[in-house]
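Remarks on the structure that follows.
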Amino acid sequence: MALTDRLTDGVRTALAQAGLSPADACVWEVPRQAGHGDYATSVAMQLARAAKKPPRQIAEAIVRHFPPMPEVERLEIAGPGFLNVFLSPAWVAGTLRDVLEAGEAYGRGSAEAGRRIRLEFVSANPTGPLVIVNARAAAVGDSLARLLRAQGGHVTPEYYVNDAGTQFEALARSFEARVRQALGEDAPLPENGYPGEYLSELALAYRTDGGPAPDEVPAPARLEHFGRYAVAEMVNAQRRILADYGVTFDAWTSEQHDVRDKGLVEAVLDDLGRRGLTYEQDGALWFRSTQFGDDKDRVVRRSNGELTYFGVDIANHHHVKFGSAERVIDLIGPDHHGYVERLRAAMQALGHPTEAFEVLIIQLVTLLRDGQPVRMSKRRGEFVLMDELLEEVGKDAARFTFLTRRHDSPLDFDLAVATRRSADNPVYYVQYAHARIASIRRQLTEQGIGVPPWSAIDLGVLTLPEEQQLIKRLLGYPEMVAGAARALEPHRVAFWLSEVAGLFHPYYKAHRVIQDDRALMLARFALCAAIGQVVRNGLDLLGVSAPETM
RNA sequence: GCGCCCGUAGCUCAGUCGGAUAGAGCAUCGGACUUCUAAUCCGAGGGUCGCAGGUUCGAUUCCUGCCGGGCGCACCA
């Protein structure tokens, strides 16, 4: 049972013994100030009104009747009626054994046990290379997948390939033009085409592979031919970069093959139509999204007969996503946030619980170098690509930096800072803690010092304030992970790790592990091993490596 | 005009479910390697939590209004 649950039980028992009415909720928080104990609750203040007694008097009754517990050293009443709990140092030290024995499983929970979760992120159009904001979405999405898995969820990371519709056609025509140019023809790029150099390079590769010239492909099949080739190559390139970044997807959903070709759009539109939730106007088919809180009704099939992106996406969400999961999470860019409401309306109309469908907005990234903005203009081809970012700053620094901000706040990414190997860069600060611990382990081995099983080490000698503080911090790790998963906020893990490293480095500097006092040495090594384990577990949730040496 | 997000130290940002004296890193200034890795550590200064009301024992946190910034308001995706 969790410590706070035990404390709550103690409070309930004490209230009953004192003849006071029970508290419906007892919230424990970790006070900011050490003098206020390890845990505090304001339950006495909240009960004061109903009990018609001063809060301090209620608190005193709780203290008087609180059952003895090995975890608790003493209770204090403070301020207007706070109840402060001071943990027993011996019990605190003993918890280290639980951490070490749990190993890589330490921090896992069961909040999502058995639940199937569909998590879509990145999903860049297959019309160009991945750029820096895609790297942010990939870092956040992948970390979320890891967090939700750590809570027992069956997570399917999904990449939706937008290989149909107007953008697909623009890509197909642009690519065809580039192939013609590669053959020496004077072929202009179509209007609204994609001017990037990458399509010219792809055209050369296409010819090298022996792909047929445009005029050798029958006109009716030409668009499809060049479009499919370009999409396949673009998606492959995206997949490779993401794999280098440590991000893999279990589902690559094709708009054309997995949604449109399977008749799912007609099915879902018929479904909505039978419920009277669609209507024809001006030759187009509309969905009554206003009935579910949207500002206006939305077109699902245009008057020219073509489906809108929205129309297809309803089918995608209803049949593909919810067809295989109880919970659906989408990560999107801020430019699409106006789109969320209508999709939410559609999911509601189709009977999905509102809390089962969540959309996270991943804010934009402003790229800086030494504080100066790096211009990103697709038109002039100056935009910074994801592979260039990875080459310059590396996977670990990039991922960690993206995860030191809330996903919904815009981020300034300074290339110069992220490249710097110093404390400006919290990723190295955290990794260095892990490397230093690994170094201690190596030193022990080199000096022929054997370490007995954890159960044989007396941890009670870890009485320094720094040691107690570190252990208590490790004790809070599972709760932090559970909170990050619940709130879908992986940045909490990154901050937590920085804080633990910030406790470890001063401790390392001030107190030697390897020393003549064998009992103390072993206990301190156990503490370091536990810190190393938890840091490794936390970094793994971020997809960042935990190096043995640096 | 309407909607969403954001205003916290010089800068970049945390701040749990409403708690006690508001936090970190960077930057600035001053120090520390004979010792398990100096990618480290020790110390100092730095605040009207955008503004004004409201709710309450208590508000950076919740509500309303205003000011300032970003984004979105298509038979585009």
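By order of appearance in the structure tokens: chains A, B, ..., then residues from 1 within every chain, and ligands from 1 in the order shown.
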### Task
Mind checking which residues fall within 12 Å of B:G46, counting only C-alpha atoms (C1' of nucleotides), ignoring those fewer than 3 positions away in the same chain, and posting them as an NGL selection string?
:B and (9-10 or 27-29)
### Task
Could you tell me, as a ChimeraX atom specification, which residues of stretch 227-326 of chain A DSSP assigns to strand (DSSP E or B) when given the backbone?
/A:251-254,278-281,284-287,298-301,307
Next, dump the selected residues to file, keeping only C-alpha atoms, as a PDB file, in the first residue's frame.
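So again_36.pdb came out as:
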```pdb
ATOM      1  CA  ALA A 251       0.740   1.451 -37.190  1.00  0.00           C
ATOM      2  CA  TRP A 252       1.240   3.366 -40.424  1.00  0.00           C
ATOM      3  CA  THR A 253      -2.302   4.152 -41.405  1.00  0.00           C
ATOM      4  CA  SER A 254      -2.797   5.044 -45.048  1.00  0.00           C
ATOM      5  CA  THR A 278     -26.181  15.095 -41.881  1.00  0.00           C
ATOM      6  CA  TYR A 279     -27.990  17.120 -44.530  1.00  0.00           C
ATOM      7  CA  GLU A 280     -27.481  18.298 -48.108  1.00  0.00           C
ATOM      8  CA  GLN A 281     -27.100  21.963 -48.880  1.00  0.00           C
ATOM      9  CA  ALA A 284     -22.581  19.473 -50.416  1.00  0.00           C
ATOM     10  CA  LEU A 285     -23.079  17.083 -47.514  1.00  0.00           C
ATOM     11  CA  TRP A 286     -22.905  18.657 -44.058  1.00  0.00           C
ATOM     12  CA  PHE A 287     -22.472  17.226 -40.585  1.00  0.00           C
ATOM     13  CA  ARG A 298     -19.064  21.297 -41.364  1.00  0.00           C
ATOM     14  CA  VAL A 299     -18.852  19.944 -44.870  1.00  0.00           C
ATOM     15  CA  VAL A 300     -17.938  16.290 -45.162  1.00  0.00           C
ATOM     16  CA  ARG A 301     -18.452  15.897 -48.916  1.00  0.00           C
ATOM     17  CA  LEU A 307     -14.614  14.075 -49.533  1.00  0.00           C
TER      18      LEU A 307
END
```
### Query
Using only C-alpha atoms (C1' of nucleotides), which of B:G19, B:G54, B:G7, B:G30 sits nearest chain A?
B:G19
### Task
Compute the set of chain A residues within 7 Å of chain B, using only C-alpha atoms (C1' of nucleotides), and express it as JSON, numbers by chain.
{"A": [79, 284, 299, 302, 303, 309, 334, 335, 337, 338, 421, 422, 423, 424, 428, 429, 432, 436, 439, 440, 443, 505, 506, 509, 512, 513, 514]}
Given the selection you just returned, output its residues as a file containing C-alpha atoms, formatted as an mmCIF file, in the first residue's frame.
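This is the output file selection34.cif:
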```cif
data_model
loop_
_atom_site.group_PDB
_atom_site.id
_atom_site.type_symbol
_atom_site.label_atom_id
_atom_site.label_comp_id
_atom_site.auth_asym_id
_atom_site.auth_seq_id
_atom_site.Cartn_x
_atom_site.Cartn_y
_atom_site.Cartn_z
ATOM 1 C CA GLY A 79 0.232 27.077 11.615
ATOM 2 C CA ALA A 284 -22.581 19.473 -50.416
ATOM 3 C CA VAL A 299 -18.852 19.944 -44.870
ATOM 4 C CA ARG A 302 -17.967 18.832 -51.242
ATOM 5 C CA SER A 303 -20.361 19.742 -54.019
ATOM 6 C CA TYR A 309 -10.262 15.842 -44.934
ATOM 7 C CA PRO A 334 -1.353 24.643 -33.224
ATOM 8 C CA ASP A 335 -2.351 25.450 -36.803
ATOM 9 C CA HIS A 337 -6.457 23.514 -33.215
ATOM 10 C CA GLY A 338 -9.529 25.054 -34.795
ATOM 11 C CA ARG A 421 28.392 20.164 -23.200
ATOM 12 C CA SER A 422 27.851 21.923 -19.947
ATOM 13 C CA ALA A 423 25.339 22.600 -17.268
ATOM 14 C CA ASP A 424 23.382 24.828 -19.656
ATOM 15 C CA TYR A 428 24.315 16.073 -19.635
ATOM 16 C CA TYR A 429 23.789 17.022 -16.020
ATOM 17 C CA TYR A 432 26.627 12.646 -15.857
ATOM 18 C CA ARG A 436 29.504 8.908 -12.132
ATOM 19 C CA SER A 439 32.220 4.840 -12.343
ATOM 20 C CA ILE A 440 31.899 4.088 -8.641
ATOM 21 C CA GLN A 443 36.074 1.359 -9.015
ATOM 22 C CA HIS A 505 26.098 15.847 -7.514
ATOM 23 C CA PRO A 506 26.600 17.840 -4.285
ATOM 24 C CA LYS A 509 31.220 15.892 -4.030
ATOM 25 C CA ARG A 512 33.008 9.620 -0.544
ATOM 26 C CA VAL A 513 31.443 6.253 -1.159
ATOM 27 C CA ILE A 514 34.607 4.193 -1.277
#
```
### Message
So that I can check the surroundings of stretch 48-53 of chain B, please list as an MDAnalysis selection string every protein, DNA and RNA residue that reaches within 8 Å of it, counting only C-alpha atoms (C1' of nucleotides) and ignoring chain neighbours fewer than 2 positions away.
### Response
chainID B and resid 7:8 22 60 65:68
Could the residues in this selection be written to a file with N, CA, C and O atoms (P, O5', C5', C4', C3', O3' and C1' of nucleotides), as a short mmCIF file (atom, residue, chain, number, x, y, z; two decimals), in the first residue's frame?
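Writing the result to out.cif gives the following:
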```cif
data_model
loop_
_atom_site.label_atom_id
_atom_site.label_comp_id
_atom_site.auth_asym_id
_atom_site.auth_seq_id
_atom_site.Cartn_x
_atom_site.Cartn_y
_atom_site.Cartn_z
P G B 7 1.61 31.09 -18.33
"O5'" G B 7 2.50 32.37 -18.43
"C5'" G B 7 1.94 33.58 -18.46
"C4'" G B 7 2.90 34.65 -18.86
"C3'" G B 7 3.23 35.62 -17.72
"O3'" G B 7 4.36 36.42 -18.03
"C1'" G B 7 1.64 36.57 -19.21
P U B 8 5.77 36.07 -17.46
"O5'" U B 8 5.44 35.63 -15.96
"C5'" U B 8 5.22 36.60 -14.96
"C4'" U B 8 5.71 36.11 -13.63
"C3'" U B 8 7.20 35.78 -13.56
"O3'" U B 8 8.00 36.94 -13.38
"C1'" U B 8 5.98 34.01 -12.61
P A B 22 7.22 33.98 0.01
"O5'" A B 22 7.60 32.83 -1.01
"C5'" A B 22 6.80 31.67 -1.07
"C4'" A B 22 7.11 30.96 -2.37
"C3'" A B 22 8.62 30.94 -2.61
"O3'" A B 22 9.09 29.61 -2.70
"C1'" A B 22 7.42 31.84 -4.50
P U B 60 -1.34 34.53 -4.40
"O5'" U B 60 -0.60 34.16 -5.76
"C5'" U B 60 -0.86 34.91 -6.93
"C4'" U B 60 -0.58 34.10 -8.16
"C3'" U B 60 -1.63 33.03 -8.46
"O3'" U B 60 -2.71 33.56 -9.19
"C1'" U B 60 0.56 32.12 -8.64
P G B 65 -15.79 37.61 -18.59
"O5'" G B 65 -15.25 39.08 -18.32
"C5'" G B 65 -16.16 40.17 -18.23
"C4'" G B 65 -15.42 41.41 -17.77
"C3'" G B 65 -14.24 41.83 -18.63
"O3'" G B 65 -14.63 42.55 -19.79
"C1'" G B 65 -13.62 41.90 -16.35
P C B 66 -13.72 42.48 -21.11
"O5'" C B 66 -12.45 43.34 -20.71
"C5'" C B 66 -12.57 44.75 -20.49
"C4'" C B 66 -11.31 45.31 -19.90
"C3'" C B 66 -10.06 45.15 -20.75
"O3'" C B 66 -9.96 46.13 -21.77
"C1'" C B 66 -9.57 44.53 -18.53
P C B 67 -9.19 45.80 -23.13
"O5'" C B 67 -7.67 45.81 -22.67
"C5'" C B 67 -7.05 47.01 -22.23
"C4'" C B 67 -5.63 46.76 -21.80
"C3'" C B 67 -4.76 46.03 -22.82
"O3'" C B 67 -4.24 46.89 -23.83
"C1'" C B 67 -4.47 45.03 -20.72
P G B 68 -3.97 46.33 -25.29
"O5'" G B 68 -2.76 45.32 -25.08
"C5'" G B 68 -1.45 45.82 -24.82
"C4'" G B 68 -0.49 44.69 -24.55
"C3'" G B 68 -0.39 43.63 -25.63
"O3'" G B 68 0.42 44.02 -26.72
"C1'" G B 68 -0.57 42.57 -23.53
#
```
## Note on the structure
From the list A:Glu306, A:Glu112, A:Glu224, A:Asp215, the nearest residue to A:Gln151 using only C-alpha atoms is A:Glu112
### Task
Could you give me, as a list in words, the residues within 10 Å of A:Arg239, counting only C-alpha atoms (C1' of nucleotides) and dropping anything in the same chain fewer than 6 positions from it?
Leu130, Tyr159, Glu233, Tyr245, Val247, Thr248, Phe249 and Trp252 of chain A
### Task
Compile the contact shell of stretch 385-391 of chain A as a PyMOL selection string: residues with an atom at most 8 Å away, counting only C-alpha atoms (C1' of nucleotides), same-chain residues fewer than 3 positions apart removed.
chain A and resi 129-132+134-135+241+245+394-395+398
Print the selection's residues with N, CA and C atoms to a file, as an mmCIF file, in the first residue's frame.
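File written: again.cif
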```cif
data_model
loop_
_atom_site.group_PDB
_atom_site.id
_atom_site.type_symbol
_atom_site.label_atom_id
_atom_site.label_comp_id
_atom_site.auth_asym_id
_atom_site.auth_seq_id
_atom_site.Cartn_x
_atom_site.Cartn_y
_atom_site.Cartn_z
ATOM 1 N N PRO A 129 10.294 16.581 -46.370
ATOM 2 C CA PRO A 129 11.043 16.012 -45.262
ATOM 3 C C PRO A 129 10.517 16.509 -43.913
ATOM 4 N N LEU A 130 10.896 15.799 -42.845
ATOM 5 C CA LEU A 130 10.486 16.201 -41.506
ATOM 6 C C LEU A 130 11.285 17.421 -41.061
ATOM 7 N N VAL A 131 10.626 18.306 -40.341
ATOM 8 C CA VAL A 131 11.286 19.516 -39.851
ATOM 9 C C VAL A 131 11.299 19.504 -38.322
ATOM 10 N N ILE A 132 11.759 20.591 -37.766
ATOM 11 C CA ILE A 132 12.101 20.567 -36.353
ATOM 12 C C ILE A 132 10.887 20.370 -35.444
ATOM 13 N N ASN A 134 8.397 18.570 -36.043
ATOM 14 C CA ASN A 134 8.095 17.143 -36.054
ATOM 15 C C ASN A 134 8.948 16.408 -35.031
ATOM 16 N N ALA A 135 10.171 16.898 -34.840
ATOM 17 C CA ALA A 135 11.061 16.284 -33.853
ATOM 18 C C ALA A 135 10.505 16.486 -32.448
ATOM 19 N N ILE A 241 14.458 8.500 -40.444
ATOM 20 C CA ILE A 241 14.913 9.549 -39.531
ATOM 21 C C ILE A 241 14.327 9.323 -38.137
ATOM 22 N N TYR A 245 16.065 8.432 -34.411
ATOM 23 C CA TYR A 245 15.703 9.249 -33.252
ATOM 24 C C TYR A 245 15.184 8.364 -32.113
ATOM 25 N N GLY A 394 22.407 15.962 -31.691
ATOM 26 C CA GLY A 394 22.317 14.593 -31.197
ATOM 27 C C GLY A 394 20.938 14.260 -30.652
ATOM 28 N N LYS A 395 20.660 12.971 -30.654
ATOM 29 C CA LYS A 395 19.336 12.491 -30.259
ATOM 30 C C LYS A 395 19.023 12.797 -28.795
ATOM 31 N N ALA A 398 18.536 16.568 -28.073
ATOM 32 C CA ALA A 398 17.331 17.057 -28.741
ATOM 33 C C ALA A 398 16.085 16.597 -27.990
#
```
### Task
Name the residues of stretch 235-451 of chain A that fall into helix (DSSP H, G or I) according to DSSP on the backbone, using the chain letters and numbers of this document, as a PyMOL selection string.
chain A and resi 235-244+255-260+264-274+289-292+309-321+334-349+354-356+386-393+395-402+415-419+426-446
### Task
Please provide as a list in words all residues within 10 Å of A:Arg228, with the sequence filter that same-chain residues fewer than 6 positions apart are discarded (counting only C-alpha atoms (C1' of nucleotides)).
Asp163, Ala164, Phe168, Leu171, Ala172, Arg222 and Met234 of chain A
Selected residues written out with N, CA and C atoms, as a PDB file, in the first residue's frame:
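Final file, out-v9.pdb:
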```pdb
ATOM      1  N   ASP A 163      -2.117  10.274 -47.733  1.00  0.00           N
ATOM      2  CA  ASP A 163      -1.733   9.968 -49.118  1.00  0.00           C
ATOM      3  C   ASP A 163      -2.923  10.007 -50.063  1.00  0.00           C
ATOM      4  N   ALA A 164      -3.767  10.999 -49.873  1.00  0.00           N
ATOM      5  CA  ALA A 164      -4.927  11.144 -50.764  1.00  0.00           C
ATOM      6  C   ALA A 164      -5.336  12.612 -50.771  1.00  0.00           C
ATOM      7  N   PHE A 168      -1.964  15.264 -52.091  1.00  0.00           N
ATOM      8  CA  PHE A 168      -1.396  14.108 -52.795  1.00  0.00           C
ATOM      9  C   PHE A 168      -1.263  14.417 -54.278  1.00  0.00           C
ATOM     10  N   LEU A 171       1.557  16.772 -54.929  1.00  0.00           N
ATOM     11  CA  LEU A 171       2.835  16.077 -54.847  1.00  0.00           C
ATOM     12  C   LEU A 171       3.085  15.279 -56.121  1.00  0.00           C
ATOM     13  N   ALA A 172       2.063  14.555 -56.567  1.00  0.00           N
ATOM     14  CA  ALA A 172       2.200  13.713 -57.756  1.00  0.00           C
ATOM     15  C   ALA A 172       2.586  14.561 -58.969  1.00  0.00           C
ATOM     16  N   ARG A 222      -1.199   8.053 -64.665  1.00  0.00           N
ATOM     17  CA  ARG A 222       0.049   8.776 -64.425  1.00  0.00           C
ATOM     18  C   ARG A 222       0.085   9.402 -63.026  1.00  0.00           C
ATOM     19  N   MET A 234       8.972   9.238 -49.673  1.00  0.00           N
ATOM     20  CA  MET A 234       8.971  10.244 -48.619  1.00  0.00           C
ATOM     21  C   MET A 234       8.706   9.593 -47.258  1.00  0.00           C
TER      22      MET A 234
END
```
### Query
Leaving out A:Val430 and any residue of its chain fewer than 5 positions from it, which residues lie within 10 Å of it when counting only C-alpha atoms (C1' of nucleotides), given as a list in words?
Ala423, Asn425, Ala435, Ala494, Leu497, Ser498, Glu499, Val500, Ala501, Gly502, Phe504, His505, Val535, Arg536, Leu539 and Ala546 of chain A; A39 of chain B
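Going from atom CA of A:Ser174 to atom CA of A:Ala315 covers 28.8 Å.
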